[in-house]
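For reference, input_27.cif (mmCIF, C-alpha atoms):
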data_final
loop_
_atom_site.label_atom_id
_atom_site.label_comp_id
_atom_site.auth_asym_id
_atom_site.auth_seq_id
_atom_site.Cartn_x
_atom_site.Cartn_y
_atom_site.Cartn_z
CA MET A 97 49.76 154.40 75.40
CA ARG A 98 51.15 156.15 78.49
CA ALA A 99 48.01 155.27 80.46
CA GLU A 100 48.23 151.63 79.35
CA ALA A 101 51.92 151.53 80.33
CA ALA A 102 51.07 152.88 83.80
CA PHE A 103 48.38 150.20 84.16
CA ALA A 104 50.86 147.48 83.15
CA ALA A 105 53.23 148.78 85.84
CA GLY A 106 50.49 148.54 88.47
CA GLN A 107 50.10 152.34 88.77
CA LEU A 108 46.31 152.34 88.55
CA ASP A 109 45.61 155.84 89.89
CA GLN A 110 48.27 157.30 87.61
CA ALA A 111 46.78 155.46 84.62
CA LEU A 112 43.38 157.02 85.34
CA GLN A 113 44.89 160.47 85.73
CA ILE A 114 46.93 160.24 82.51
CA GLY A 115 43.96 159.02 80.50
CA LYS A 116 41.33 161.43 81.84
CA PRO A 117 41.44 163.73 78.74
CA LEU A 118 40.36 160.68 76.69
CA ASP A 119 36.86 161.07 78.11
CA ARG A 120 36.40 163.59 75.27
CA ALA A 121 38.28 161.58 72.60
CA GLY A 122 36.91 160.17 69.36
CA GLU A 123 35.51 156.65 69.05
CA SER A 124 38.76 154.81 68.26
CA HIS A 125 40.59 156.18 71.32
CA ARG A 126 37.44 156.10 73.43
CA ALA A 127 37.05 152.33 72.96
CA ARG A 128 40.58 151.66 74.22
CA TRP A 129 40.05 154.09 77.11
CA LEU A 130 36.79 152.39 78.14
CA ARG A 131 38.55 149.02 78.07
CA LEU A 132 41.42 150.32 80.19
CA ARG A 133 39.03 151.84 82.73
CA GLY A 134 37.17 148.52 82.84
CA ARG A 135 40.37 146.58 83.47
CA ILE A 136 41.29 148.99 86.27
CA ALA A 137 37.81 148.54 87.77
CA VAL A 138 38.34 144.75 87.79
CA GLN A 139 41.66 145.19 89.60
CA THR A 140 40.11 147.50 92.22
CA ASP A 141 37.12 145.20 92.92
CA HIS A 142 34.55 147.42 91.19
CA ALA A 143 33.44 144.54 89.01
CA THR A 144 29.89 145.76 88.32
CA GLU A 145 31.27 149.03 86.96
CA ALA A 146 33.88 147.02 85.04
CA VAL A 147 31.16 145.02 83.27
CA ARG A 148 29.44 148.24 82.15
CA LEU A 149 32.67 149.80 80.83
CA LEU A 150 33.92 146.66 79.12
CA ASP A 151 30.58 145.96 77.48
CA ALA A 152 30.60 149.49 76.03
CA ALA A 153 34.20 148.99 74.82
CA LEU A 154 33.31 145.64 73.20
CA ARG A 155 30.42 147.21 71.29
CA LEU A 156 32.68 149.97 69.96
CA PHE A 157 35.46 147.55 68.93
CA ARG A 158 32.95 145.38 67.08
CA SER A 159 31.37 148.36 65.34
CA GLN A 160 34.85 149.44 64.21
CA GLY A 161 35.79 145.93 63.06
CA THR A 162 38.73 145.82 65.51
CA ARG A 163 38.62 142.05 66.02
CA GLU A 164 41.81 141.64 68.03
CA LEU A 165 40.88 144.18 70.69
CA ALA A 166 37.33 142.82 70.72
CA ALA A 167 38.73 139.35 71.48
CA ARG A 168 40.90 140.68 74.30
CA THR A 169 37.93 142.55 75.75
CA LEU A 170 35.94 139.30 75.81
CA LEU A 171 38.51 137.88 78.25
CA ASP A 172 38.33 141.06 80.34
CA LEU A 173 34.55 140.68 80.51
CA ALA A 174 34.85 137.03 81.52
CA MET A 175 37.17 138.02 84.37
CA ALA A 176 34.83 140.83 85.47
CA TYR A 177 31.83 138.48 85.57
CA GLY A 178 33.95 135.99 87.50
CA ARG A 179 34.60 138.67 90.15
CA VAL A 180 30.85 139.13 90.71
CA GLU A 181 30.49 135.32 90.76
CA ALA A 182 28.27 135.26 87.65
CA HIS A 183 30.02 132.10 86.51
CA GLY A 184 27.63 131.32 83.65
CA GLU A 185 28.27 134.71 82.06
CA ALA A 186 32.01 134.36 82.71
CA VAL A 187 32.09 131.02 80.86
CA HIS A 188 30.01 132.51 78.04
CA TYR A 189 32.49 135.34 77.35
CA ALA A 190 35.58 133.17 77.91
CA LEU A 191 34.28 130.67 75.33
CA GLN A 192 33.69 133.52 72.88
CA CYS A 193 37.29 134.62 73.39
CA GLU A 194 38.51 131.05 72.88
CA ASN A 195 36.54 130.83 69.62
CA ALA A 196 37.96 134.18 68.46
CA ILE A 197 41.50 132.91 69.05
CA TYR A 198 40.90 129.72 67.08
CA ALA A 199 39.23 131.74 64.31
CA GLY A 200 42.45 133.74 63.95
CA ASP A 201 41.07 137.07 65.20
CA VAL A 202 44.13 137.32 67.43
CA VAL A 203 47.39 135.36 67.49
CA ASP A 204 48.83 135.46 71.01
CA ARG A 205 49.92 132.33 72.87
CA THR A 206 49.97 134.13 76.22
CA LEU A 207 46.37 135.25 75.72
CA GLU A 208 45.43 131.70 74.72
CA LEU A 209 47.02 130.34 77.90
CA ARG A 210 45.17 132.91 80.02
CA VAL A 211 41.84 131.98 78.42
CA LEU A 212 42.42 128.25 78.85
CA SER A 213 43.47 128.72 82.48
CA LEU A 214 40.41 130.85 83.23
CA LEU A 215 38.08 128.35 81.54
CA ALA A 216 39.66 125.49 83.48
CA SER A 217 39.15 127.39 86.74
CA LEU A 218 35.54 128.29 85.86
CA PHE A 219 34.66 124.75 84.84
CA VAL A 220 36.11 123.44 88.11
CA THR A 221 34.01 126.01 90.00
CA ILE A 222 30.77 124.93 88.34
CA GLY A 223 31.65 121.25 88.65
CA ASP A 224 32.31 120.39 84.99
CA LEU A 225 35.61 118.59 85.56
CA THR A 226 35.62 116.94 82.12
CA SER A 227 35.61 120.33 80.35
CA ALA A 228 38.17 121.59 82.87
CA ASP A 229 40.53 118.70 82.09
CA LEU A 230 40.24 119.32 78.33
CA ARG A 231 41.35 122.95 78.79
CA ILE A 232 44.08 121.94 81.23
CA GLU A 233 45.63 119.47 78.80
CA ARG A 234 45.52 122.08 76.03
CA ALA A 235 46.97 124.70 78.36
CA LYS A 236 49.90 122.46 79.27
CA GLN A 237 50.85 122.29 75.60
CA VAL A 238 50.53 126.07 75.14
CA ALA A 239 52.55 126.74 78.31
CA GLN A 240 55.62 125.22 76.64
CA ASP A 241 55.64 128.19 74.24
CA VAL A 242 54.96 130.90 76.83
CA ALA A 243 57.50 132.67 79.04
CA ASP A 244 54.94 134.75 80.98
CA PRO A 245 55.17 133.92 84.73
CA ARG A 246 51.70 135.36 85.44
CA ALA A 247 50.01 133.18 82.80
CA VAL A 248 51.93 130.11 83.96
CA GLY A 249 51.04 130.91 87.58
CA ASN A 250 47.35 131.11 86.66
CA LEU A 251 47.61 127.78 84.87
CA TYR A 252 49.21 126.00 87.81
CA ALA A 253 46.64 127.53 90.19
CA SER A 254 43.84 126.11 88.02
CA LEU A 255 45.59 122.73 87.93
CA ALA A 256 45.92 122.72 91.73
CA ILE A 257 42.21 123.39 92.24
CA ALA A 258 41.17 120.82 89.63
CA ARG A 259 43.38 118.07 91.06
CA GLU A 260 42.21 118.82 94.61
CA ARG A 261 38.57 118.47 93.51
CA GLU A 262 39.45 115.14 91.89
CA GLY A 263 41.09 113.91 95.11
CA ASP A 264 44.67 113.83 93.78
CA LEU A 265 46.14 115.78 96.70
CA GLU A 266 49.77 115.05 95.85
CA ALA A 267 49.39 116.54 92.36
CA ALA A 268 47.32 119.43 93.76
CA LEU A 269 50.05 120.34 96.24
CA ASN A 270 52.75 120.10 93.55
CA PHE A 271 50.87 122.46 91.21
CA ALA A 272 50.04 124.87 94.05
CA ARG A 273 53.72 125.14 94.94
CA LYS A 274 54.62 125.83 91.28
CA SER A 275 51.95 128.53 91.08
CA LEU A 276 53.16 130.05 94.35
CA ALA A 277 56.74 130.19 93.03
CA ALA A 278 55.56 131.99 89.87
CA TYR A 279 53.58 134.60 91.83
CA GLU A 280 56.40 135.13 94.33
CA GLN A 281 58.70 135.79 91.36
CA LEU A 282 56.25 138.43 90.15
CA GLY A 283 55.77 139.91 93.62
CA ILE A 284 51.96 139.99 93.54
CA PRO A 285 50.82 139.87 97.22
CA ALA A 286 47.15 139.05 96.52
CA ASN A 287 48.04 136.01 94.43
CA VAL A 288 50.76 134.87 96.85
CA GLY A 289 48.31 135.11 99.76
CA SER A 290 45.64 133.21 97.85
CA LEU A 291 48.09 130.43 96.99
CA TRP A 292 49.28 130.10 100.59
CA ASN A 293 45.60 129.68 101.51
CA THR A 294 45.24 127.00 98.83
CA VAL A 295 48.37 125.22 100.08
CA GLY A 296 47.00 125.35 103.63
CA TRP A 297 43.66 123.92 102.52
CA ILE A 298 45.40 121.05 100.69
CA TYR A 299 47.46 120.27 103.80
CA VAL A 300 44.21 120.09 105.80
CA GLN A 301 42.90 117.48 103.36
CA ARG A 302 46.20 115.58 103.71
CA LYS A 303 45.85 115.70 107.52
CA GLN A 304 49.18 117.54 107.82
CA TYR A 305 47.77 120.01 110.30
CA GLY A 306 51.01 121.65 111.44
CA ARG A 307 51.98 122.53 107.89
CA ALA A 308 48.41 123.69 107.20
CA GLU A 309 48.58 126.05 110.17
CA ASP A 310 51.91 127.50 109.02
CA ALA A 311 50.63 128.08 105.47
CA LEU A 312 47.43 129.72 106.71
CA LYS A 313 49.39 132.01 109.03
CA LYS A 314 51.33 133.27 106.01
CA ALA A 315 48.11 133.81 104.07
CA LYS A 316 46.53 135.67 106.98
CA ALA A 317 49.59 137.90 107.41
CA ILE A 318 49.41 138.91 103.73
CA ALA A 319 45.66 139.56 103.98
CA LEU A 320 46.22 141.84 106.98
CA GLU A 321 49.22 143.61 105.45
CA THR A 322 47.41 144.33 102.18
CA LYS A 323 44.03 144.95 103.89
CA ASP A 324 42.49 142.34 101.59
CA ALA A 325 39.26 141.45 103.39
CA ARG A 326 38.16 139.13 100.58
CA LEU A 327 41.28 136.99 101.04
CA GLY A 328 40.89 137.29 104.81
CA GLY A 329 37.41 135.77 104.57
CA TYR A 330 38.72 132.77 102.65
CA VAL A 331 41.59 132.30 105.13
CA LEU A 332 39.11 132.31 108.03
CA GLN A 333 37.15 129.60 106.23
CA SER A 334 40.27 127.47 105.78
CA GLN A 335 41.15 128.00 109.44
CA ALA A 336 37.63 126.85 110.33
CA GLU A 337 38.20 123.70 108.25
CA LEU A 338 41.47 123.12 110.09
CA ALA A 339 39.79 123.52 113.49
CA LEU A 340 37.01 121.13 112.41
CA ALA A 341 39.55 118.55 111.25
CA ARG A 342 41.35 118.81 114.61
CA GLY A 343 38.07 118.39 116.50
CA ASP A 344 38.05 121.92 117.95
CA LEU A 345 34.39 122.34 117.07
CA GLY A 346 33.62 125.53 118.99
CA GLU A 347 36.55 127.27 117.32
CA ALA A 348 35.44 125.92 113.93
CA VAL A 349 31.97 127.46 114.38
CA ARG A 350 33.48 130.75 115.58
CA LEU A 351 35.88 131.04 112.64
CA ALA A 352 33.22 130.07 110.09
CA GLU A 353 30.86 132.70 111.49
CA GLU A 354 33.62 135.32 111.41
CA SER A 355 34.19 134.45 107.73
CA ILE A 356 30.44 134.71 107.03
CA ASN A 357 30.26 138.11 108.75
CA THR A 358 33.35 139.60 107.06
CA ALA A 359 31.90 142.53 105.12
CA ASP A 360 33.99 142.13 101.97
CA SER A 361 33.90 138.32 101.80
CA SER A 362 32.71 137.04 98.45
CA LYS A 363 29.19 135.65 98.24
CA ARG A 364 30.58 132.24 97.34
CA GLY A 365 32.98 132.42 100.30
CA ARG A 366 30.13 133.18 102.70
CA ALA A 367 28.06 130.33 101.28
CA THR A 368 30.83 127.75 101.61
CA SER A 369 31.55 129.00 105.14
CA LEU A 370 27.88 128.33 105.98
CA LEU A 371 28.51 124.70 105.03
CA VAL A 372 31.64 124.51 107.22
CA ARG A 373 29.60 125.97 110.08
CA ALA A 374 26.82 123.40 109.55
CA ARG A 375 29.30 120.52 109.53
CA ALA A 376 30.88 121.78 112.75
CA ILE A 377 27.49 122.16 114.44
CA ALA A 378 26.59 118.61 113.41
CA ALA A 379 29.93 117.24 114.65
CA ALA A 380 29.29 118.96 118.00
CA ARG A 381 26.05 116.94 118.27
CA ARG A 382 23.88 119.99 118.71
CA PRO A 383 20.07 119.48 118.75
CA ILE A 384 18.64 118.12 115.48
CA PRO A 385 16.53 121.24 114.74
CA GLU A 386 19.67 123.40 115.01
CA ILE A 387 21.58 121.05 112.69
CA ASP A 388 18.72 121.01 110.18
CA ARG A 389 18.52 124.81 110.24
CA ALA A 390 22.27 125.18 109.71
CA PHE A 391 22.26 122.85 106.69
CA ARG A 392 19.15 124.54 105.27
CA GLU A 393 20.95 127.90 105.43
CA ALA A 394 23.99 126.34 103.74
CA VAL A 395 21.92 124.82 100.93
CA ASN A 396 20.10 128.11 100.28
CA GLY A 397 23.39 129.99 100.28
CA LEU A 398 25.03 127.57 97.86
CA LYS A 399 22.22 127.39 95.27
CA PRO A 400 23.50 130.31 93.15
CA PHE A 401 26.89 128.60 92.78
CA GLY A 402 25.96 125.30 91.22
CA GLN A 403 24.06 122.14 92.00
CA HIS A 404 27.27 120.19 92.65
CA LEU A 405 27.86 122.30 95.78
CA VAL A 406 24.23 121.87 96.81
CA ALA A 407 24.65 118.10 96.41
CA HIS A 408 27.75 118.24 98.60
CA ALA A 409 25.78 120.05 101.33
CA TYR A 410 22.94 117.49 101.20
CA GLU A 411 25.51 114.68 101.38
CA ALA A 412 27.06 116.20 104.52
CA HIS A 413 23.56 116.58 106.01
CA PHE A 414 22.84 112.91 105.21
CA GLU A 415 26.02 111.79 107.00
CA ALA A 416 25.19 113.92 110.05
CA LEU A 417 21.66 112.46 110.29
CA VAL A 418 22.89 108.88 109.91
CA GLN A 419 25.31 109.40 112.79
CA ARG A 420 22.38 110.52 114.97
CA GLY A 421 20.21 107.55 113.94
CA ARG A 422 17.68 109.74 112.07
CA HIS A 423 17.33 107.35 109.15
CA ALA A 424 14.07 108.65 107.68
CA GLU A 425 15.39 112.23 107.50
CA ALA A 426 18.72 110.92 106.23
CA SER A 427 16.94 109.13 103.40
CA GLN A 428 15.33 112.40 102.33
CA ALA A 429 18.71 114.20 102.46
CA ALA A 430 20.22 111.45 100.28
CA ALA A 431 17.36 111.83 97.78
CA ASN A 432 17.95 115.58 97.71
CA ALA A 433 21.68 115.02 97.11
CA PHE A 434 20.94 112.64 94.25
CA ALA A 435 18.48 115.10 92.65
CA ALA A 436 21.00 117.96 92.90
CA LEU A 437 23.80 115.81 91.46
CA ARG A 438 21.59 114.68 88.58
CA SER A 439 20.74 118.33 87.87
CA ALA A 440 24.44 119.26 87.97
CA LEU A 441 25.26 116.55 85.43
CA GLY A 442 22.49 117.74 83.11
#

How does the structure come out when it is put into structure tokens?
Amino acid sequence: MRAEAAFAAGQLDQALQIGKPLDRAGESHRARWLRLRGRIAVQTDHATEAVRLLDAALRLFRSQGTRELAARTLLDLAMAYGRVEAHGEAVHYALQCENAIYAGDVVDRTLELRVLSLLASLFVTIGDLTSADLRIERAKQVAQDVADPRAVGNLYASLAIAREREGDLEAALNFARKSLAAYEQLGIPANVGSLWNTVGWIYVQRKQYGRAEDALKKAKAIALETKDARLGGYVLQSQAELALARGDLGEAVRLAEESINTADSSKRGRATSLLVRARAIAAARRPIPEIDRAFREAVNGLKPFGQHLVAHAYEAHFEALVQRGRHAEASQAAANAFAALRSALG
């Protein structure tokens, strides 16, 4: 209990030190200790290790018939798989947790809100906006009963991303601001930085470039202060999008490449930066073979993250080829986009 309290207070090293004697504990305490170590591993970006620990904890909880802790561990596993960008596995475990809640294995409205928010975010990521909207509507109802700022912040962040993907930029900005306020209240720098990046990205889409620049400066400052290279990679990508929107194409390519080459950038972040780079190269009217190569690299990078992103890359390639009068090649890019979109829709 002392170790879990230290974890809840954000004292991760202290939690590990307090709980170390539990390495030799019996099965009931060992299961909780494995889960706690797994949750700490998620927080410290050791997601592969987290999956191993949490899977072992889940097996022990199930063998003991401890259904509530098993359900909570399912959410932990979903979050761990999300960190390693194994989105299919993340959805699989989050759905199991959702089913456990509705089966009555655990009664906790805050946990339910967290699961619904995570599922909404995951479904947006893989392009299933219908399933995302179903969870969002359910989450809105649950949020009325929950006074947990972190859970509410997660919900609004999911809503912001979903509405941005649907093109409702006004609603996206409104939800992003609400999420930002919740995280600022909690004082969680990583989440605050991520939300400033989201706000900046939305302002880019709204063509409010001055406000976008201000928001991205705040996100970058937090990334540097906290030495969060993963966030820094995403901020560089958003800055590349801003430079591209302003027509500063050389700077857009430079920033996208810096994001791609950031050692701790996520794999998804690198892949989407490859697409920004390809779009900037095309806008700069570089030679056709260079444009084709850039989009080919982007498509290959995006394949592990869903056919909807692949379709988006082919669509951008199509537009670039049409602008250069390469209609035969553009027709093939359009066919590729259609095939990827059809695959994404099942």

Which residues are close to Ala267 of chain A, i.e. within 12 Å by all atoms listed in the file, leaving aside same-chain residues fewer than 2 positions away? Reply as a short mmCIF file (atom, residue, chain, number, x, y, z; two decimals) with C-alpha atoms, in the coordinates of the input.
data_model
loop_
_atom_site.label_atom_id
_atom_site.label_comp_id
_atom_site.auth_asym_id
_atom_site.auth_seq_id
_atom_site.Cartn_x
_atom_site.Cartn_y
_atom_site.Cartn_z
CA TYR A 252 49.21 126.00 87.81
CA ALA A 253 46.64 127.53 90.19
CA SER A 254 43.84 126.11 88.02
CA LEU A 255 45.59 122.73 87.93
CA ALA A 256 45.92 122.72 91.73
CA ILE A 257 42.21 123.39 92.24
CA ALA A 258 41.17 120.82 89.63
CA ARG A 259 43.38 118.07 91.06
CA GLU A 260 42.21 118.82 94.61
CA ARG A 261 38.57 118.47 93.51
CA GLU A 262 39.45 115.14 91.89
CA GLY A 263 41.09 113.91 95.11
CA ASP A 264 44.67 113.83 93.78
CA LEU A 265 46.14 115.78 96.70
CA LEU A 269 50.05 120.34 96.24
CA ASN A 270 52.75 120.10 93.55
CA PHE A 271 50.87 122.46 91.21
CA ALA A 272 50.04 124.87 94.05
CA ARG A 273 53.72 125.14 94.94
CA LYS A 274 54.62 125.83 91.28
CA VAL A 295 48.37 125.22 100.08
CA ILE A 298 45.40 121.05 100.69
CA ARG A 302 46.20 115.58 103.71
#

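Using only C-alpha atoms, the contacts of Ala102 of chain A at a cut-off of 12 Å, with sequence neighbours closer than 3 positions omitted, comprise Met97, Arg98, Ala99, Ala105, Gly106, Gln107, Leu108, Asp109, Gln110, Ala111, Leu112, Gln113, Ile114, Gly115, Leu132 and Ile136 of chain A.
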
Those same residues, written as a short mmCIF file (atom, residue, chain, number, x, y, z; two decimals), in the coordinates of the input with C-alpha atoms?
data_model
loop_
_atom_site.label_atom_id
_atom_site.label_comp_id
_atom_site.auth_asym_id
_atom_site.auth_seq_id
_atom_site.Cartn_x
_atom_site.Cartn_y
_atom_site.Cartn_z
CA MET A 97 49.76 154.40 75.40
CA ARG A 98 51.15 156.15 78.49
CA ALA A 99 48.01 155.27 80.46
CA ALA A 105 53.23 148.78 85.84
CA GLY A 106 50.49 148.54 88.47
CA GLN A 107 50.10 152.34 88.77
CA LEU A 108 46.31 152.34 88.55
CA ASP A 109 45.61 155.84 89.89
CA GLN A 110 48.27 157.30 87.61
CA ALA A 111 46.78 155.46 84.62
CA LEU A 112 43.38 157.02 85.34
CA GLN A 113 44.89 160.47 85.73
CA ILE A 114 46.93 160.24 82.51
CA GLY A 115 43.96 159.02 80.50
CA LEU A 132 41.42 150.32 80.19
CA ILE A 136 41.29 148.99 86.27
#

Best match for closeness to Ser217 of chain A among A:Ala380, A:Ala174, A:Ala243, A:Ala317, counting all atoms listed in the file: A:Ala174

Atom pair atom CA of Leu437 of chain A / atom CA of Asn396 of chain A: separation (Å): 15.6 Å

Shell around Asn432 of chain A at 9 Å using all atoms listed in the file, local window under 2 positions removed, as a list in words: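 Answer for this query is Val406, Ala407, Tyr410, Glu411, Ser427, Gln428, Ala429, Ala430, Phe434, Ala435, Ala436 and Leu437 of chain A.
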
Within 12 Å of Arg234 of chain A using all atoms listed in the file, minus same-chain residues under 2 positions, as a ChimeraX atom specification: /A:194,205,208-213,215-216,227-232,236-241,251,255

Ref. answer, residues at most 9 Å from (43.1, 120.4, 108.0) with all atoms listed in the file, as a list in words: Gly296, Trp297, Ile298, Tyr299, Val300, Gln301, Arg302, Lys303, Gln304, Tyr305, Gly306, Ala308, Glu309, Ser334, Gln335, Ala336, Glu337, Leu338, Ala339, Leu340, Ala341 and Arg342 of chain A

Dump of C-alpha atoms for the selected residues, as a compact mmCIF listing (two decimals), keeping the file's coordinate frame:
# COMPACT_ATOMS: atom_id res chain seq x y z
CA GLY A 296 47.00 125.35 103.63
CA TRP A 297 43.66 123.92 102.52
CA ILE A 298 45.40 121.05 100.69
CA TYR A 299 47.46 120.27 103.80
CA VAL A 300 44.21 120.09 105.80
CA GLN A 301 42.90 117.48 103.36
CA ARG A 302 46.20 115.58 103.71
CA LYS A 303 45.85 115.70 107.52
CA GLN A 304 49.18 117.54 107.82
CA TYR A 305 47.77 120.01 110.30
CA GLY A 306 51.01 121.65 111.44
CA ALA A 308 48.41 123.69 107.20
CA GLU A 309 48.58 126.05 110.17
CA SER A 334 40.27 127.47 105.78
CA GLN A 335 41.15 128.00 109.44
CA ALA A 336 37.63 126.85 110.33
CA GLU A 337 38.20 123.70 108.25
CA LEU A 338 41.47 123.12 110.09
CA ALA A 339 39.79 123.52 113.49
CA LEU A 340 37.01 121.13 112.41
CA ALA A 341 39.55 118.55 111.25
CA ARG A 342 41.35 118.81 114.61

Kindly list the centre and edge lengths in Å, rounded to one decimal, for the axis-aligned box that covers all listed atoms of segment 419-424 of chain A plus 4 Å on each of its six sides, as JSON.
{"center_x": 19.7, "center_y": 108.9, "center_z": 111.3, "size_x": 19.2, "size_y": 11.2, "size_z": 15.3}

Separation of atom CA of Ser275 of chain A from atom CA of Arg135 of chain A in Å: 22.8 Å

Taking the file as shown, find all residues satisfying the PyMOL selection byres ((chain A and resi 144) around 12) and write them as a PDB file with C-alpha atoms, keeping the file's coordinate frame.
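Ended up saving to selection_27.pdb:
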ATOM      1  CA  GLY A 134      37.170 148.520  82.840  1.00  0.00           C
ATOM      2  CA  ARG A 135      40.370 146.580  83.470  1.00  0.00           C
ATOM      3  CA  ALA A 137      37.810 148.540  87.770  1.00  0.00           C
ATOM      4  CA  VAL A 138      38.340 144.750  87.790  1.00  0.00           C
ATOM      5  CA  GLN A 139      41.660 145.190  89.600  1.00  0.00           C
ATOM      6  CA  THR A 140      40.110 147.500  92.220  1.00  0.00           C
ATOM      7  CA  ASP A 141      37.120 145.200  92.920  1.00  0.00           C
ATOM      8  CA  HIS A 142      34.550 147.420  91.190  1.00  0.00           C
ATOM      9  CA  ALA A 143      33.440 144.540  89.010  1.00  0.00           C
ATOM     10  CA  GLU A 145      31.270 149.030  86.960  1.00  0.00           C
ATOM     11  CA  ALA A 146      33.880 147.020  85.040  1.00  0.00           C
ATOM     12  CA  VAL A 147      31.160 145.020  83.270  1.00  0.00           C
ATOM     13  CA  ARG A 148      29.440 148.240  82.150  1.00  0.00           C
ATOM     14  CA  LEU A 149      32.670 149.800  80.830  1.00  0.00           C
ATOM     15  CA  LEU A 150      33.920 146.660  79.120  1.00  0.00           C
ATOM     16  CA  ASP A 151      30.580 145.960  77.480  1.00  0.00           C
ATOM     17  CA  LEU A 173      34.550 140.680  80.510  1.00  0.00           C
ATOM     18  CA  MET A 175      37.170 138.020  84.370  1.00  0.00           C
ATOM     19  CA  ALA A 176      34.830 140.830  85.470  1.00  0.00           C
ATOM     20  CA  TYR A 177      31.830 138.480  85.570  1.00  0.00           C
ATOM     21  CA  GLY A 178      33.950 135.990  87.500  1.00  0.00           C
ATOM     22  CA  ARG A 179      34.600 138.670  90.150  1.00  0.00           C
ATOM     23  CA  VAL A 180      30.850 139.130  90.710  1.00  0.00           C
ATOM     24  CA  GLU A 181      30.490 135.320  90.760  1.00  0.00           C
ATOM     25  CA  ALA A 182      28.270 135.260  87.650  1.00  0.00           C
TER      26      ALA A 182
END

When the PyMOL selection byres ((chain A and resi 278) around 10) is applied to the structure above, which residues does it catch, written out as a PDB file with C-alpha atoms, keeping the file's coordinate frame?
ATOM      1  CA  ASP A 244      54.940 134.750  80.980  1.00  0.00           C
ATOM      2  CA  PRO A 245      55.170 133.920  84.730  1.00  0.00           C
ATOM      3  CA  ARG A 246      51.700 135.360  85.440  1.00  0.00           C
ATOM      4  CA  ALA A 247      50.010 133.180  82.800  1.00  0.00           C
ATOM      5  CA  VAL A 248      51.930 130.110  83.960  1.00  0.00           C
ATOM      6  CA  GLY A 249      51.040 130.910  87.580  1.00  0.00           C
ATOM      7  CA  ASN A 250      47.350 131.110  86.660  1.00  0.00           C
ATOM      8  CA  TYR A 252      49.210 126.000  87.810  1.00  0.00           C
ATOM      9  CA  ALA A 253      46.640 127.530  90.190  1.00  0.00           C
ATOM     10  CA  ALA A 272      50.040 124.870  94.050  1.00  0.00           C
ATOM     11  CA  ARG A 273      53.720 125.140  94.940  1.00  0.00           C
ATOM     12  CA  LYS A 274      54.620 125.830  91.280  1.00  0.00           C
ATOM     13  CA  SER A 275      51.950 128.530  91.080  1.00  0.00           C
ATOM     14  CA  LEU A 276      53.160 130.050  94.350  1.00  0.00           C
ATOM     15  CA  ALA A 277      56.740 130.190  93.030  1.00  0.00           C
ATOM     16  CA  TYR A 279      53.580 134.600  91.830  1.00  0.00           C
ATOM     17  CA  GLU A 280      56.400 135.130  94.330  1.00  0.00           C
ATOM     18  CA  GLN A 281      58.700 135.790  91.360  1.00  0.00           C
ATOM     19  CA  LEU A 282      56.250 138.430  90.150  1.00  0.00           C
ATOM     20  CA  GLY A 283      55.770 139.910  93.620  1.00  0.00           C
ATOM     21  CA  ILE A 284      51.960 139.990  93.540  1.00  0.00           C
ATOM     22  CA  ASN A 287      48.040 136.010  94.430  1.00  0.00           C
ATOM     23  CA  VAL A 288      50.760 134.870  96.850  1.00  0.00           C
TER      24      VAL A 288
END

Nearest to Leu207 of chain A, chosen from A:Arg168, A:Arg163, A:Arg155, A:Arg326, with all atoms listed in the file counted in the distances: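 The shortest atom-to-atom distance to Leu207 of chain A comes from A:Arg168.
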
Contact residues around Cys193 of chain A with all atoms listed in the file at 6 Å, ignoring same-chain residues under 5 positions, as a PyMOL selection string: chain A and resi 167+170-171
